[in-house]
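So this block is upload_37.cif, mmCIF, N, CA and C atoms:
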data_final
loop_
_atom_site.label_atom_id
_atom_site.label_comp_id
_atom_site.auth_asym_id
_atom_site.auth_seq_id
_atom_site.Cartn_x
_atom_site.Cartn_y
_atom_site.Cartn_z
N MET A 1 -19.24 -4.52 -5.31
CA MET A 1 -17.79 -4.58 -5.19
C MET A 1 -17.30 -3.26 -4.59
N ILE A 2 -16.20 -3.36 -3.87
CA ILE A 2 -15.59 -2.21 -3.20
C ILE A 2 -14.17 -2.03 -3.72
N ARG A 3 -13.80 -0.81 -4.00
CA ARG A 3 -12.43 -0.48 -4.42
C ARG A 3 -11.78 0.32 -3.32
N HIS A 4 -10.55 -0.05 -2.94
CA HIS A 4 -9.76 0.63 -1.92
C HIS A 4 -8.43 0.99 -2.58
N ILE A 5 -8.20 2.30 -2.76
CA ILE A 5 -6.99 2.78 -3.43
C ILE A 5 -6.22 3.67 -2.46
N VAL A 6 -4.91 3.41 -2.35
CA VAL A 6 -4.08 4.15 -1.41
C VAL A 6 -2.81 4.63 -2.12
N PHE A 7 -2.38 5.84 -1.77
CA PHE A 7 -1.12 6.41 -2.26
C PHE A 7 -0.27 6.82 -1.07
N TRP A 8 1.04 6.62 -1.16
CA TRP A 8 1.95 7.02 -0.08
C TRP A 8 3.13 7.80 -0.64
N LYS A 9 3.64 8.71 0.19
CA LYS A 9 4.94 9.33 -0.02
C LYS A 9 5.89 8.67 0.97
N LEU A 10 7.05 8.32 0.49
CA LEU A 10 8.03 7.62 1.32
C LEU A 10 9.10 8.56 1.85
N LYS A 11 9.61 8.24 3.04
CA LYS A 11 10.77 8.95 3.56
C LYS A 11 11.97 8.61 2.68
N ALA A 12 12.87 9.56 2.49
CA ALA A 12 14.05 9.33 1.65
C ALA A 12 14.86 8.14 2.18
N GLU A 13 14.90 8.02 3.50
CA GLU A 13 15.59 6.91 4.14
C GLU A 13 14.88 6.57 5.43
N ALA A 14 14.69 5.28 5.69
CA ALA A 14 14.05 4.84 6.93
C ALA A 14 14.35 3.36 7.13
N GLU A 15 14.42 2.96 8.38
CA GLU A 15 14.65 1.56 8.72
C GLU A 15 15.90 1.00 8.04
N GLY A 16 16.92 1.87 7.85
CA GLY A 16 18.18 1.45 7.26
C GLY A 16 18.14 1.19 5.77
N ALA A 17 17.11 1.71 5.09
CA ALA A 17 16.97 1.46 3.66
C ALA A 17 16.53 2.74 2.95
N THR A 18 16.73 2.76 1.64
CA THR A 18 16.30 3.89 0.82
C THR A 18 14.80 3.83 0.58
N ALA A 19 14.26 4.92 0.07
CA ALA A 19 12.83 4.94 -0.27
C ALA A 19 12.50 3.86 -1.29
N LYS A 20 13.34 3.70 -2.28
CA LYS A 20 13.07 2.69 -3.31
C LYS A 20 13.08 1.29 -2.72
N GLU A 21 14.02 1.00 -1.83
CA GLU A 21 14.08 -0.31 -1.20
C GLU A 21 12.86 -0.55 -0.32
N ASN A 22 12.48 0.45 0.47
CA ASN A 22 11.30 0.31 1.32
C ASN A 22 10.03 0.22 0.50
N GLY A 23 9.96 0.97 -0.57
CA GLY A 23 8.80 0.88 -1.46
C GLY A 23 8.66 -0.50 -2.06
N GLN A 24 9.77 -1.09 -2.47
CA GLN A 24 9.72 -2.44 -3.03
C GLN A 24 9.30 -3.45 -1.98
N LYS A 25 9.75 -3.26 -0.73
CA LYS A 25 9.32 -4.14 0.36
C LYS A 25 7.80 -4.06 0.53
N MET A 26 7.26 -2.84 0.44
CA MET A 26 5.81 -2.67 0.56
C MET A 26 5.09 -3.38 -0.58
N VAL A 27 5.54 -3.16 -1.80
CA VAL A 27 4.92 -3.78 -2.97
C VAL A 27 4.92 -5.31 -2.82
N ASP A 28 6.08 -5.87 -2.46
CA ASP A 28 6.18 -7.32 -2.31
C ASP A 28 5.25 -7.83 -1.21
N ALA A 29 5.21 -7.10 -0.09
CA ALA A 29 4.36 -7.52 1.03
C ALA A 29 2.89 -7.50 0.64
N PHE A 30 2.46 -6.45 -0.06
CA PHE A 30 1.06 -6.39 -0.49
C PHE A 30 0.74 -7.51 -1.48
N HIS A 31 1.62 -7.76 -2.43
CA HIS A 31 1.37 -8.82 -3.40
C HIS A 31 1.32 -10.19 -2.73
N ASN A 32 2.07 -10.36 -1.63
CA ASN A 32 2.05 -11.62 -0.89
C ASN A 32 0.73 -11.88 -0.17
N LEU A 33 -0.13 -10.88 -0.06
CA LEU A 33 -1.44 -11.06 0.55
C LEU A 33 -2.43 -11.75 -0.39
N GLU A 34 -2.12 -11.77 -1.66
CA GLU A 34 -3.03 -12.34 -2.65
C GLU A 34 -3.34 -13.80 -2.30
N GLY A 35 -4.64 -14.11 -2.26
CA GLY A 35 -5.10 -15.45 -1.97
C GLY A 35 -5.11 -15.81 -0.49
N LYS A 36 -4.70 -14.90 0.38
CA LYS A 36 -4.61 -15.20 1.81
C LYS A 36 -5.74 -14.59 2.64
N ILE A 37 -6.47 -13.64 2.08
CA ILE A 37 -7.51 -12.95 2.85
C ILE A 37 -8.85 -13.12 2.15
N PRO A 38 -9.79 -13.79 2.79
CA PRO A 38 -11.10 -14.00 2.19
C PRO A 38 -11.77 -12.66 1.82
N GLY A 39 -12.39 -12.62 0.64
CA GLY A 39 -13.08 -11.42 0.19
C GLY A 39 -12.22 -10.46 -0.59
N LEU A 40 -10.90 -10.66 -0.57
CA LEU A 40 -9.98 -9.84 -1.36
C LEU A 40 -9.95 -10.41 -2.77
N VAL A 41 -10.53 -9.67 -3.72
CA VAL A 41 -10.66 -10.15 -5.09
C VAL A 41 -9.38 -9.92 -5.88
N SER A 42 -8.81 -8.72 -5.74
CA SER A 42 -7.57 -8.41 -6.47
C SER A 42 -6.75 -7.41 -5.69
N ILE A 43 -5.43 -7.46 -5.92
CA ILE A 43 -4.52 -6.53 -5.26
C ILE A 43 -3.37 -6.24 -6.21
N GLU A 44 -3.14 -4.97 -6.45
CA GLU A 44 -2.04 -4.51 -7.30
C GLU A 44 -1.34 -3.37 -6.60
N SER A 45 -0.03 -3.35 -6.67
CA SER A 45 0.74 -2.28 -6.05
C SER A 45 1.99 -2.06 -6.88
N GLY A 46 2.50 -0.83 -6.86
CA GLY A 46 3.72 -0.55 -7.61
C GLY A 46 4.34 0.77 -7.24
N LEU A 47 5.61 0.90 -7.60
CA LEU A 47 6.37 2.13 -7.39
C LEU A 47 6.12 3.09 -8.54
N ASN A 48 6.12 4.36 -8.27
CA ASN A 48 5.94 5.38 -9.29
C ASN A 48 7.22 5.50 -10.12
N PHE A 49 7.18 5.01 -11.35
CA PHE A 49 8.37 5.07 -12.20
C PHE A 49 8.53 6.42 -12.87
N GLY A 50 7.56 7.32 -12.68
CA GLY A 50 7.61 8.64 -13.30
C GLY A 50 8.47 9.64 -12.56
N LYS A 51 9.10 9.22 -11.48
CA LYS A 51 9.92 10.13 -10.70
C LYS A 51 11.38 9.73 -10.83
N GLU A 52 12.26 10.72 -10.80
CA GLU A 52 13.69 10.43 -10.89
C GLU A 52 14.18 9.73 -9.64
N SER A 53 13.68 10.14 -8.48
CA SER A 53 14.08 9.46 -7.25
C SER A 53 12.90 9.43 -6.30
N LEU A 54 12.74 8.33 -5.64
CA LEU A 54 11.66 8.19 -4.68
C LEU A 54 12.04 8.87 -3.38
N GLY A 55 11.04 9.31 -2.64
CA GLY A 55 11.28 9.89 -1.34
C GLY A 55 11.81 11.30 -1.36
N ASN A 56 11.63 12.01 -2.49
CA ASN A 56 12.17 13.37 -2.55
C ASN A 56 11.16 14.42 -2.13
N GLY A 57 9.95 14.01 -1.75
CA GLY A 57 8.99 14.93 -1.16
C GLY A 57 8.28 15.87 -2.11
N ASP A 58 8.40 15.68 -3.41
CA ASP A 58 7.68 16.57 -4.33
C ASP A 58 6.20 16.22 -4.36
N VAL A 59 5.45 16.73 -5.32
CA VAL A 59 4.00 16.58 -5.32
C VAL A 59 3.52 15.18 -5.69
N ASP A 60 4.33 14.38 -6.36
CA ASP A 60 3.93 13.03 -6.73
C ASP A 60 3.97 12.09 -5.53
N TYR A 61 3.18 11.05 -5.61
CA TYR A 61 3.24 9.99 -4.60
C TYR A 61 4.17 8.90 -5.10
N ASP A 62 4.79 8.18 -4.18
CA ASP A 62 5.83 7.22 -4.51
C ASP A 62 5.31 5.82 -4.79
N ILE A 63 4.22 5.45 -4.16
CA ILE A 63 3.73 4.09 -4.29
C ILE A 63 2.20 4.11 -4.27
N ALA A 64 1.62 3.17 -5.01
CA ALA A 64 0.16 3.06 -5.07
C ALA A 64 -0.26 1.63 -4.77
N LEU A 65 -1.44 1.51 -4.18
CA LEU A 65 -2.07 0.22 -3.90
C LEU A 65 -3.51 0.30 -4.41
N ASP A 66 -3.92 -0.69 -5.18
CA ASP A 66 -5.27 -0.75 -5.73
C ASP A 66 -5.83 -2.13 -5.40
N THR A 67 -6.86 -2.17 -4.54
CA THR A 67 -7.45 -3.43 -4.14
C THR A 67 -8.95 -3.44 -4.42
N THR A 68 -9.47 -4.63 -4.65
CA THR A 68 -10.90 -4.82 -4.87
C THR A 68 -11.39 -5.88 -3.90
N PHE A 69 -12.56 -5.61 -3.30
CA PHE A 69 -13.16 -6.50 -2.32
C PHE A 69 -14.60 -6.80 -2.73
N ARG A 70 -15.08 -7.95 -2.32
CA ARG A 70 -16.46 -8.33 -2.63
C ARG A 70 -17.48 -7.44 -1.93
N THR A 71 -17.19 -7.08 -0.67
CA THR A 71 -18.13 -6.30 0.13
C THR A 71 -17.38 -5.34 1.04
N LYS A 72 -18.12 -4.42 1.66
CA LYS A 72 -17.54 -3.52 2.66
C LYS A 72 -17.04 -4.34 3.85
N ALA A 73 -17.76 -5.37 4.22
CA ALA A 73 -17.34 -6.24 5.32
C ALA A 73 -16.01 -6.92 5.01
N ALA A 74 -15.80 -7.29 3.75
CA ALA A 74 -14.52 -7.89 3.35
C ALA A 74 -13.38 -6.89 3.48
N LEU A 75 -13.64 -5.62 3.13
CA LEU A 75 -12.62 -4.58 3.32
C LEU A 75 -12.31 -4.42 4.80
N ASP A 76 -13.33 -4.38 5.64
CA ASP A 76 -13.13 -4.26 7.08
C ASP A 76 -12.32 -5.45 7.62
N PHE A 77 -12.61 -6.65 7.13
CA PHE A 77 -11.89 -7.85 7.55
C PHE A 77 -10.41 -7.73 7.16
N TYR A 78 -10.16 -7.29 5.93
CA TYR A 78 -8.79 -7.07 5.44
C TYR A 78 -8.04 -6.07 6.33
N GLN A 79 -8.71 -4.96 6.65
CA GLN A 79 -8.07 -3.91 7.44
C GLN A 79 -7.59 -4.46 8.79
N ALA A 80 -8.36 -5.35 9.40
CA ALA A 80 -8.03 -5.89 10.72
C ALA A 80 -7.19 -7.17 10.67
N HIS A 81 -7.03 -7.74 9.50
CA HIS A 81 -6.33 -9.02 9.36
C HIS A 81 -4.87 -8.89 9.84
N PRO A 82 -4.37 -9.86 10.61
CA PRO A 82 -3.01 -9.79 11.15
C PRO A 82 -1.91 -9.62 10.09
N GLU A 83 -2.07 -10.26 8.94
CA GLU A 83 -1.04 -10.11 7.89
C GLU A 83 -1.04 -8.69 7.32
N HIS A 84 -2.22 -8.09 7.19
CA HIS A 84 -2.28 -6.70 6.74
C HIS A 84 -1.73 -5.78 7.82
N GLN A 85 -2.07 -6.03 9.07
CA GLN A 85 -1.58 -5.20 10.17
C GLN A 85 -0.06 -5.23 10.29
N ALA A 86 0.57 -6.36 9.95
CA ALA A 86 2.03 -6.44 9.96
C ALA A 86 2.62 -5.49 8.93
N ILE A 87 1.97 -5.38 7.77
CA ILE A 87 2.44 -4.45 6.74
C ILE A 87 2.23 -3.02 7.21
N VAL A 88 1.09 -2.74 7.80
CA VAL A 88 0.78 -1.40 8.31
C VAL A 88 1.85 -0.95 9.30
N SER A 89 2.28 -1.84 10.14
CA SER A 89 3.31 -1.52 11.13
C SER A 89 4.59 -1.04 10.44
N PHE A 90 5.00 -1.73 9.38
CA PHE A 90 6.18 -1.33 8.63
C PHE A 90 5.94 -0.02 7.89
N VAL A 91 4.79 0.09 7.23
CA VAL A 91 4.46 1.27 6.43
C VAL A 91 4.54 2.54 7.29
N LYS A 92 4.01 2.49 8.48
CA LYS A 92 4.01 3.67 9.36
C LYS A 92 5.42 4.16 9.66
N LYS A 93 6.41 3.29 9.57
CA LYS A 93 7.79 3.67 9.84
C LYS A 93 8.49 4.30 8.64
N VAL A 94 7.97 4.08 7.43
CA VAL A 94 8.71 4.49 6.23
C VAL A 94 8.01 5.53 5.37
N VAL A 95 6.80 5.94 5.74
CA VAL A 95 6.07 6.91 4.92
C VAL A 95 5.93 8.25 5.63
N THR A 96 5.70 9.29 4.80
CA THR A 96 5.46 10.63 5.34
C THR A 96 4.01 11.05 5.14
N GLU A 97 3.37 10.51 4.10
CA GLU A 97 1.97 10.87 3.80
C GLU A 97 1.23 9.67 3.26
N ARG A 98 -0.09 9.68 3.50
CA ARG A 98 -0.98 8.64 2.98
C ARG A 98 -2.27 9.28 2.54
N ARG A 99 -2.79 8.85 1.42
CA ARG A 99 -4.10 9.26 0.94
C ARG A 99 -4.83 8.00 0.49
N ALA A 100 -6.13 7.92 0.79
CA ALA A 100 -6.91 6.74 0.43
C ALA A 100 -8.30 7.14 -0.03
N VAL A 101 -8.84 6.30 -0.90
CA VAL A 101 -10.21 6.46 -1.36
C VAL A 101 -10.85 5.08 -1.39
N ASP A 102 -12.06 4.98 -0.85
CA ASP A 102 -12.85 3.76 -0.90
C ASP A 102 -14.16 4.07 -1.61
N PHE A 103 -14.54 3.23 -2.57
CA PHE A 103 -15.82 3.46 -3.23
C PHE A 103 -16.43 2.15 -3.70
N GLU A 104 -17.73 2.19 -3.87
CA GLU A 104 -18.48 1.02 -4.33
C GLU A 104 -18.75 1.17 -5.81
N PHE A 105 -18.69 0.05 -6.53
CA PHE A 105 -18.99 0.09 -7.96
C PHE A 105 -19.77 -1.13 -8.36
#
As structure tokens - that is how I would like this structure written.
Amino acid sequence: MIRHIVFWKLKAEAEGATAKENGQKMVDAFHNLEGKIPGLVSIESGLNFGKESLGNGDVDYDIALDTTFRTKAALDFYQAHPEHQAIVSFVKKVVTERRAVDFEF
């Protein structure tokens, strides 16, 4: 099994919306991938509730994504999948930083 975990910092405002609104759009979009991409075992995403306001640029990250895949090939398939790429296109417009870790377990 493969785990793919990603953290993002959001812009305070982008695409005519606040960080919290854009973060929620990301969470909803990622959750909508469930059951649509072969090899994707689980997907969880959420906003960091430990911050007073999202997009303020401090040391915390604003949103997290935790996914599990059957194989490395399944992760690669997910990365290139058109529905995932549509989310990536939006994400690139609303984030300032991204960190990711992939590992096998």
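On the file presented, the PyMOL selection byres (((chain A and resi 4 and name CA) around 6) and name CA) picks out A:Arg3, A:Ile5, A:Thr67, A:Val101, A:Asp102.
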For CA of Asp62 in chain A and CA of Asn48 in chain A, the interatomic separation in Å (one decimal): 5.1 Å
Separation of CA of Lys72 in chain A from CA of Ile43 in chain A, in Å and rounded to one decimal: 15.5 Å
Separation of atom N of Ser42 in chain A from atom C of Asp66 in chain A, in Å and rounded to one decimal: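 Between atom N of Ser42 in chain A and atom C of Asp66 in chain A the gap is 7.2 Å.
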Residue list as a list in words for point (6.9, -5.8, -3.5), cut-off 12 Å, only C-alpha atoms: Lys20, Glu21, Asn22, Gly23, Gln24, Lys25, Met26, Val27, Asp28, Ala29, Phe30, His31, Asn32, Leu33, Glu34, Ile43, Glu44, Ser45, Gly46, Leu47, Ile63, Ala64, Leu65 and Ile87 of chain A
Residues within 12 Å of Met1 in chain A, only C-alpha atoms, excluding chain neighbours under 5 positions, as a list in words: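 Residues near the query, excluding close chain neighbours: Gly39, Leu40, Val41, Ser42, Thr67, Thr68, Phe69, Arg70, Thr71, Lys72, Ala73, Ala74, Leu75, Asp102, Phe103, Glu104 and Phe105 of chain A.
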Residue set, range 20-62 of chain A restricted to alpha helix (DSSP H), as a list of chain:residue names: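 The alpha helix (DSSP H) residues within range 20-62 of chain A come out as A:Lys20, A:Glu21, A:Asn22, A:Gly23, A:Gln24, A:Lys25, A:Met26, A:Val27, A:Asp28, A:Ala29, A:Phe30, A:His31.
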Long-range neighbours of Thr18 in chain A as a list in words, 7 Å cut-off, all atoms listed in the file, 6 positions minimum in chain: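 Answer for this query is Lys11, Ala12 and Leu54 of chain A.
Residues matched by the PyMOL selection byres (((chain A and resi 10 and name CA) around 6) and name CA) in this file: A:Lys9, A:Lys11, A:Ala19, A:Gly55, A:Val94, A:Val95, A:Thr96.
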Expected answer as a ChimeraX atom specification: all residues with atoms within 6 Å of (-4.1, 8.4, -2.2), all atoms listed in the file: /A:5-8,98-101
Range 36-68 of chain A: residues DSSP assigns to strand (DSSP E), reported as a ChimeraX atom specification: /A:40-47,63-68
